[in-house]
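The next block is upload30.cif, given as mmCIF, C-alpha atoms and all ligand atoms.
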```cif
data_structure
#
loop_
_atom_site.label_atom_id
_atom_site.label_comp_id
_atom_site.auth_asym_id
_atom_site.auth_seq_id
_atom_site.Cartn_x
_atom_site.Cartn_y
_atom_site.Cartn_z
CA MET Z 6 2.67 -4.33 -8.60
CA PRO Z 7 -0.09 -3.95 -6.02
CA LEU Z 8 -0.77 -6.68 -3.51
CA SER Z 9 -4.51 -6.16 -3.69
CA ALA Z 10 -7.29 -6.01 -6.25
CA TYR Z 11 -11.06 -6.14 -5.99
CA LEU Z 12 -13.63 -8.82 -6.73
CA TYR Z 13 -16.72 -6.61 -6.89
CA THR Z 14 -16.44 -4.86 -3.51
CA GLN Z 15 -14.30 -7.50 -1.84
CA LYS Z 16 -10.62 -6.67 -1.45
CA ILE Z 17 -8.43 -9.60 -2.43
CA ILE Z 18 -4.91 -9.59 -0.96
CA ALA Z 19 -2.81 -11.89 -3.11
CA PRO Z 20 -0.21 -13.10 -0.57
CA LEU Z 21 -2.87 -13.94 2.00
CA LEU Z 22 -4.74 -16.38 -0.24
CA ASN Z 23 -4.24 -20.11 0.15
CA ASP Z 24 -2.92 -22.13 -2.81
CA ASN Z 25 -6.38 -23.17 -4.02
CA GLU Z 26 -7.74 -19.64 -3.86
CA TRP Z 27 -4.69 -18.30 -5.72
CA ARG Z 28 -4.98 -20.96 -8.44
CA HIS Z 29 -8.63 -20.03 -8.85
CA ILE Z 30 -7.76 -16.33 -9.18
CA VAL Z 31 -4.98 -17.02 -11.70
CA LYS Z 32 -7.25 -19.23 -13.81
CA SER Z 33 -10.17 -16.76 -13.67
CA LEU Z 34 -7.93 -13.83 -14.66
CA LYS Z 35 -6.53 -15.81 -17.60
CA GLN Z 36 -10.07 -16.38 -18.81
CA SER Z 37 -11.05 -12.78 -18.16
CA PRO Z 38 -8.79 -9.94 -17.00
CA ASP Z 39 -11.99 -8.22 -15.85
CA TYR Z 40 -12.52 -10.86 -13.18
CA LEU Z 41 -10.78 -8.51 -10.73
CA HIS Z 42 -10.33 -4.76 -10.89
CA PHE Z 43 -8.15 -2.12 -9.30
CA LYS Z 44 -9.70 0.70 -7.31
CA CYS Z 45 -7.29 3.21 -8.84
CA CYS Z 46 -8.11 2.71 -12.54
CA GLY Z 47 -9.68 0.46 -15.13
CA SER Z 48 -6.53 -1.38 -16.14
CA PRO Z 49 -6.88 -5.12 -16.74
CA VAL Z 50 -5.42 -7.12 -13.85
CA TYR Z 51 -2.80 -9.83 -14.09
CA ALA Z 52 -1.81 -12.23 -11.34
CA ARG Z 53 1.90 -12.89 -10.96
CA THR Z 54 4.31 -14.59 -8.59
CA SER Z 55 7.71 -12.95 -8.18
CA SER Z 56 11.01 -14.83 -8.36
CA ARG Z 57 11.06 -14.76 -4.56
CA GLY Z 58 7.57 -16.26 -4.44
CA LEU Z 59 5.55 -13.17 -3.55
CA ARG Z 60 2.10 -13.26 -5.10
CA HIS Z 61 0.83 -9.93 -6.37
CA PHE Z 62 -1.21 -8.23 -9.07
CA VAL Z 63 0.01 -6.25 -12.04
CA HIS Z 64 -1.48 -3.41 -14.08
CA LYS Z 65 -1.59 -4.32 -17.76
CA ASN Z 66 -1.26 -0.62 -18.42
CA THR Z 67 -0.95 2.46 -16.29
CA ASP Z 68 -1.98 4.96 -18.99
CA HIS Z 69 -4.90 6.15 -16.89
CA CYS Z 70 -3.38 5.63 -13.49
CA ASN Z 71 -0.82 7.42 -11.36
CA TYR Z 72 0.15 4.19 -9.68
CA VAL Z 73 3.90 4.17 -9.13
CA SER Z 74 5.57 0.83 -9.59
CA GLU Z 75 6.82 -0.64 -6.34
CA SER Z 76 9.75 -2.94 -5.73
CA GLU Z 77 9.36 -6.36 -4.20
CA ASP Z 78 11.02 -5.06 -1.01
CA HIS Z 79 8.36 -2.36 -0.84
CA LEU Z 80 5.58 -4.93 -1.26
CA GLN Z 81 7.08 -7.23 1.34
CA MET Z 82 7.48 -4.40 3.86
CA LYS Z 83 3.95 -3.20 3.43
CA LEU Z 84 2.61 -6.71 3.89
CA GLU Z 85 4.62 -7.14 7.12
CA ILE Z 86 3.43 -3.76 8.46
CA TYR Z 87 -0.16 -4.65 7.61
CA LYS Z 88 0.10 -7.99 9.40
CA ALA Z 89 1.79 -6.42 12.43
CA CYS Z 90 -0.98 -3.80 12.73
CA GLN Z 91 -3.63 -6.52 12.57
CA GLU Z 92 -1.81 -8.60 15.19
CA LEU Z 93 -1.66 -5.58 17.48
CA GLY Z 94 -5.43 -5.20 17.25
CA TRP Z 95 -5.56 -2.25 14.88
CA ASN Z 96 -8.06 -2.17 12.06
CA ALA Z 97 -5.60 -2.00 9.19
CA GLU Z 98 -6.18 -1.51 5.51
CA LEU Z 99 -3.54 -2.38 2.96
CA GLU Z 100 -3.06 -0.05 -0.03
CA TYR Z 101 -5.58 2.46 1.21
CA ILE Z 102 -6.85 4.91 -1.39
CA GLY Z 103 -8.31 8.06 0.14
CA GLU Z 104 -9.73 11.09 -1.59
CA LYS Z 105 -6.50 13.05 -1.62
CA PHE Z 106 -3.91 10.49 -0.64
CA ARG Z 107 -2.88 6.89 -0.74
CA ALA Z 108 -1.25 5.02 2.09
CA ASP Z 109 0.69 1.79 1.97
CA VAL Z 110 -1.13 0.86 5.16
CA LEU Z 111 -3.73 2.82 7.11
CA ALA Z 112 -4.24 1.63 10.67
CA VAL Z 113 -7.21 2.77 12.72
CA LYS Z 114 -7.97 2.19 16.39
CA ASP Z 115 -10.66 4.16 18.20
CA GLU Z 116 -10.02 7.77 17.22
CA ARG Z 117 -6.43 7.17 16.18
CA LYS Z 118 -5.39 6.91 12.56
CA ILE Z 119 -1.86 6.18 11.43
CA ALA Z 120 -0.65 5.93 7.88
CA PHE Z 121 2.49 3.93 7.13
CA GLU Z 122 4.48 5.03 4.15
CA ILE Z 123 7.44 3.15 2.79
CA GLN Z 124 9.77 5.34 0.78
CA LEU Z 125 12.64 3.33 -0.60
CA SER Z 126 13.27 5.61 -3.54
CA ARG Z 127 14.63 9.08 -2.91
CA GLN Z 128 12.03 11.68 -1.92
CA ASP Z 129 12.88 15.30 -1.32
CA LEU Z 130 11.97 17.09 1.88
CA GLN Z 131 9.36 19.39 0.31
CA THR Z 132 7.47 16.46 -1.25
CA THR Z 133 7.61 14.69 2.09
CA ILE Z 134 6.25 17.78 3.89
CA ASN Z 135 3.49 18.19 1.29
CA ARG Z 136 2.43 14.57 1.65
CA GLN Z 137 2.63 14.84 5.42
CA ASN Z 138 0.46 17.98 5.34
CA ILE Z 139 -2.29 16.24 3.37
CA LEU Z 140 -2.38 13.44 5.92
CA HIS Z 141 -2.24 15.88 8.82
CA LYS Z 142 -5.28 17.76 7.45
CA ALA Z 143 -7.15 14.45 7.26
CA GLY Z 144 -6.38 13.84 10.95
CA ILE Z 145 -3.86 11.11 10.22
CA ARG Z 146 -0.39 10.71 11.67
CA CYS Z 147 2.18 9.27 9.35
CA ALA Z 148 5.04 6.88 10.04
CA TRP Z 149 7.62 6.96 7.26
CA PHE Z 150 10.03 4.17 6.46
CA PHE Z 151 12.82 5.83 4.55
CA ASN Z 152 15.69 4.16 2.83
CA ARG Z 153 17.30 7.58 2.63
CA ILE Z 154 16.18 10.33 5.00
CA PRO Z 155 15.21 13.41 2.90
CA LYS Z 156 18.04 15.89 2.68
CA GLY Z 157 17.59 18.76 5.11
CA TYR Z 158 15.38 16.79 7.50
CA ARG Z 159 15.52 17.89 11.14
CA THR Z 160 13.50 16.41 13.97
CA ASN Z 161 10.82 18.87 14.97
CA GLU Z 162 7.26 19.07 16.20
CA PHE Z 163 5.91 18.26 12.78
CA PHE Z 164 7.73 14.94 12.54
CA THR Z 165 7.32 13.14 15.81
CA CYS Z 166 7.91 9.61 16.96
CA ILE Z 167 4.97 7.36 17.63
CA ARG Z 168 5.19 5.79 21.03
CA ASN Z 169 1.83 4.11 21.32
ZN ZN D 201 -4.36 1.77 -11.40
#
```
Whole structure, structure tokens version:
Amino acid sequence: MPLSAYLYTQKIIAPLLNDNEWRHIVKSLKQSPDYLHFKCCGSPVYARTSSRGLRHFVHKNTDHCNYVSESEDHLQMKLEIYKACQELGWNAELEYIGEKFRADVLAVKDERKIAFEIQLSRQDLQTTINRQNILHKAGIRCAWFFNRIPKGYRTNEFFTCIRN
């Protein structure tokens, strides 16, 4: 359930649309699921509103995509982080897809790049370190939001707190 999809090259963020824009998107997608597309794959796009009222997009199929389904809490958190980054004057991108990684939110200001990753499902320490390494090599610091801290985690130089 991503929050964003593309209209040609324009990124559409479902919960940030006004009612008229959303109605237009829903109607256009009903007429043609190709009206919008995902950057990750060629799946047809559906527009949906959750029981709690969060507008988002849905893959019709994920056969050719490694997109991992996200809970509504995950979507809501990433939206709030995105908005907070924008409010603080960072150039933020929601659901960033890089060459070797994805980030829930990537925030950029001057030379600084910070990825925000929400991890509500369990993730082991080695997977966390591997993902952190990929970001580190790309010159990006990562702020994790864990529901459960990976087993074996110890504060060290590699995992530092962001103070700015
Ligand atoms: Zn996809």
Which residues are near Lys118 in chain Z? Cut-off 6 Å, all atoms listed in the file, ignore same chain within fewer than 4 positions. Put them as a PyMOL selection string. chain Z and resi 112-113+145
Residues at most 10 Å from ligand ZN 201 (chain D), using only C-alpha atoms and all ligand atoms? Could they come as a PDB file with C-alpha atoms, in the frame of the given file?
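Contents of the output file out11.pdb:
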```
ATOM      1  CA  MET Z   6       2.670  -4.330  -8.600  1.00  0.00           C
ATOM      2  CA  PRO Z   7      -0.090  -3.950  -6.020  1.00  0.00           C
ATOM      3  CA  ALA Z  10      -7.290  -6.010  -6.250  1.00  0.00           C
ATOM      4  CA  HIS Z  42     -10.330  -4.760 -10.890  1.00  0.00           C
ATOM      5  CA  PHE Z  43      -8.150  -2.120  -9.300  1.00  0.00           C
ATOM      6  CA  LYS Z  44      -9.700   0.700  -7.310  1.00  0.00           C
ATOM      7  CA  CYS Z  45      -7.290   3.210  -8.840  1.00  0.00           C
ATOM      8  CA  CYS Z  46      -8.110   2.710 -12.540  1.00  0.00           C
ATOM      9  CA  GLY Z  47      -9.680   0.460 -15.130  1.00  0.00           C
ATOM     10  CA  SER Z  48      -6.530  -1.380 -16.140  1.00  0.00           C
ATOM     11  CA  PRO Z  49      -6.880  -5.120 -16.740  1.00  0.00           C
ATOM     12  CA  VAL Z  50      -5.420  -7.120 -13.850  1.00  0.00           C
ATOM     13  CA  VAL Z  63       0.010  -6.250 -12.040  1.00  0.00           C
ATOM     14  CA  HIS Z  64      -1.480  -3.410 -14.080  1.00  0.00           C
ATOM     15  CA  LYS Z  65      -1.590  -4.320 -17.760  1.00  0.00           C
ATOM     16  CA  ASN Z  66      -1.260  -0.620 -18.420  1.00  0.00           C
ATOM     17  CA  THR Z  67      -0.950   2.460 -16.290  1.00  0.00           C
ATOM     18  CA  ASP Z  68      -1.980   4.960 -18.990  1.00  0.00           C
ATOM     19  CA  HIS Z  69      -4.900   6.150 -16.890  1.00  0.00           C
ATOM     20  CA  CYS Z  70      -3.380   5.630 -13.490  1.00  0.00           C
ATOM     21  CA  ASN Z  71      -0.820   7.420 -11.360  1.00  0.00           C
ATOM     22  CA  TYR Z  72       0.150   4.190  -9.680  1.00  0.00           C
ATOM     23  CA  VAL Z  73       3.900   4.170  -9.130  1.00  0.00           C
TER      24      VAL Z  73
END
```
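Distance annotation: of Z:Ser126, Z:Thr54, Z:Leu140, Z:Leu41, the residue with the minimal separation from Gly103 in chain Z is Z:Leu140; atom set is all atoms listed in the file.
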Atomic separation - CA of Ser9 in chain Z relative to CA of Ala148 in chain Z, Å: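 The value is 21.2 Å.
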Kindly indicate which residue among Z:Asp115, Z:Asp129, Z:Leu84, Z:Ser55 lies nearest to Glu100 in chain Z, using only C-alpha atoms for the distances.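 The answer is Z:Leu84, which sits nearest to Glu100 in chain Z.
Proximity ranking of Z:Gln137, Z:Gln15, Z:Gln81, Z:Thr132 relative to Trp149 in chain Z places Z:Gln137 first, based on all atoms listed in the file.
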Long-range neighbours of range 30-34 of chain Z as a compact mmCIF listing (two decimals) with C-alpha atoms, keeping the file's coordinate frame, 7 Å cut-off, all atoms listed in the file, 6 positions minimum in chain:
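Result went into selection_13.txt, see below:
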```
# COMPACT_ATOMS: atom_id res chain seq x y z
CA TYR Z 40 -12.52 -10.86 -13.18
CA TYR Z 51 -2.80 -9.83 -14.09
CA ALA Z 52 -1.81 -12.23 -11.34
```
Just the residues within 9 Å of Glu98 in chain Z, please, counting all atoms listed in the file, with nothing from its chain fewer than 2 positions along; format it as a PyMOL selection string. chain Z and resi 87+96+100-101+108-113
Go ahead and save the residues from that selection, with C-alpha atoms, as a PDB file, keeping the file's coordinate frame.
```
ATOM      1  CA  TYR Z  87      -0.160  -4.650   7.610  1.00  0.00           C
ATOM      2  CA  ASN Z  96      -8.060  -2.170  12.060  1.00  0.00           C
ATOM      3  CA  GLU Z 100      -3.060  -0.050  -0.030  1.00  0.00           C
ATOM      4  CA  TYR Z 101      -5.580   2.460   1.210  1.00  0.00           C
ATOM      5  CA  ALA Z 108      -1.250   5.020   2.090  1.00  0.00           C
ATOM      6  CA  ASP Z 109       0.690   1.790   1.970  1.00  0.00           C
ATOM      7  CA  VAL Z 110      -1.130   0.860   5.160  1.00  0.00           C
ATOM      8  CA  LEU Z 111      -3.730   2.820   7.110  1.00  0.00           C
ATOM      9  CA  ALA Z 112      -4.240   1.630  10.670  1.00  0.00           C
ATOM     10  CA  VAL Z 113      -7.210   2.770  12.720  1.00  0.00           C
TER      11      VAL Z 113
END
```
Name the residues, using the chain letters and numbers of the file, that sit within 12 Å of (8.9, -4.5, 3.7) when counting all atoms listed in the file, and give them as a list in words.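 Protein and nucleic acid residues near the point are Leu59, Glu75, Ser76, Glu77, Asp78, His79, Leu80, Gln81, Met82, Lys83, Leu84, Glu85, Ile86, Tyr87, Lys88, Ala89, Asp109, Val110, Phe121, Glu122, Ile123, Gln124, Leu125, Phe150, Phe151 and Asn152 of chain Z.
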Extract, using all atoms listed in the file, all DNA, RNA and protein residues at most 10 Å from Lys105 in chain Z, discarding same-chain residues fewer than 5 positions from it, and format them as a ChimeraX atom specification. /Z:136,139-140,143
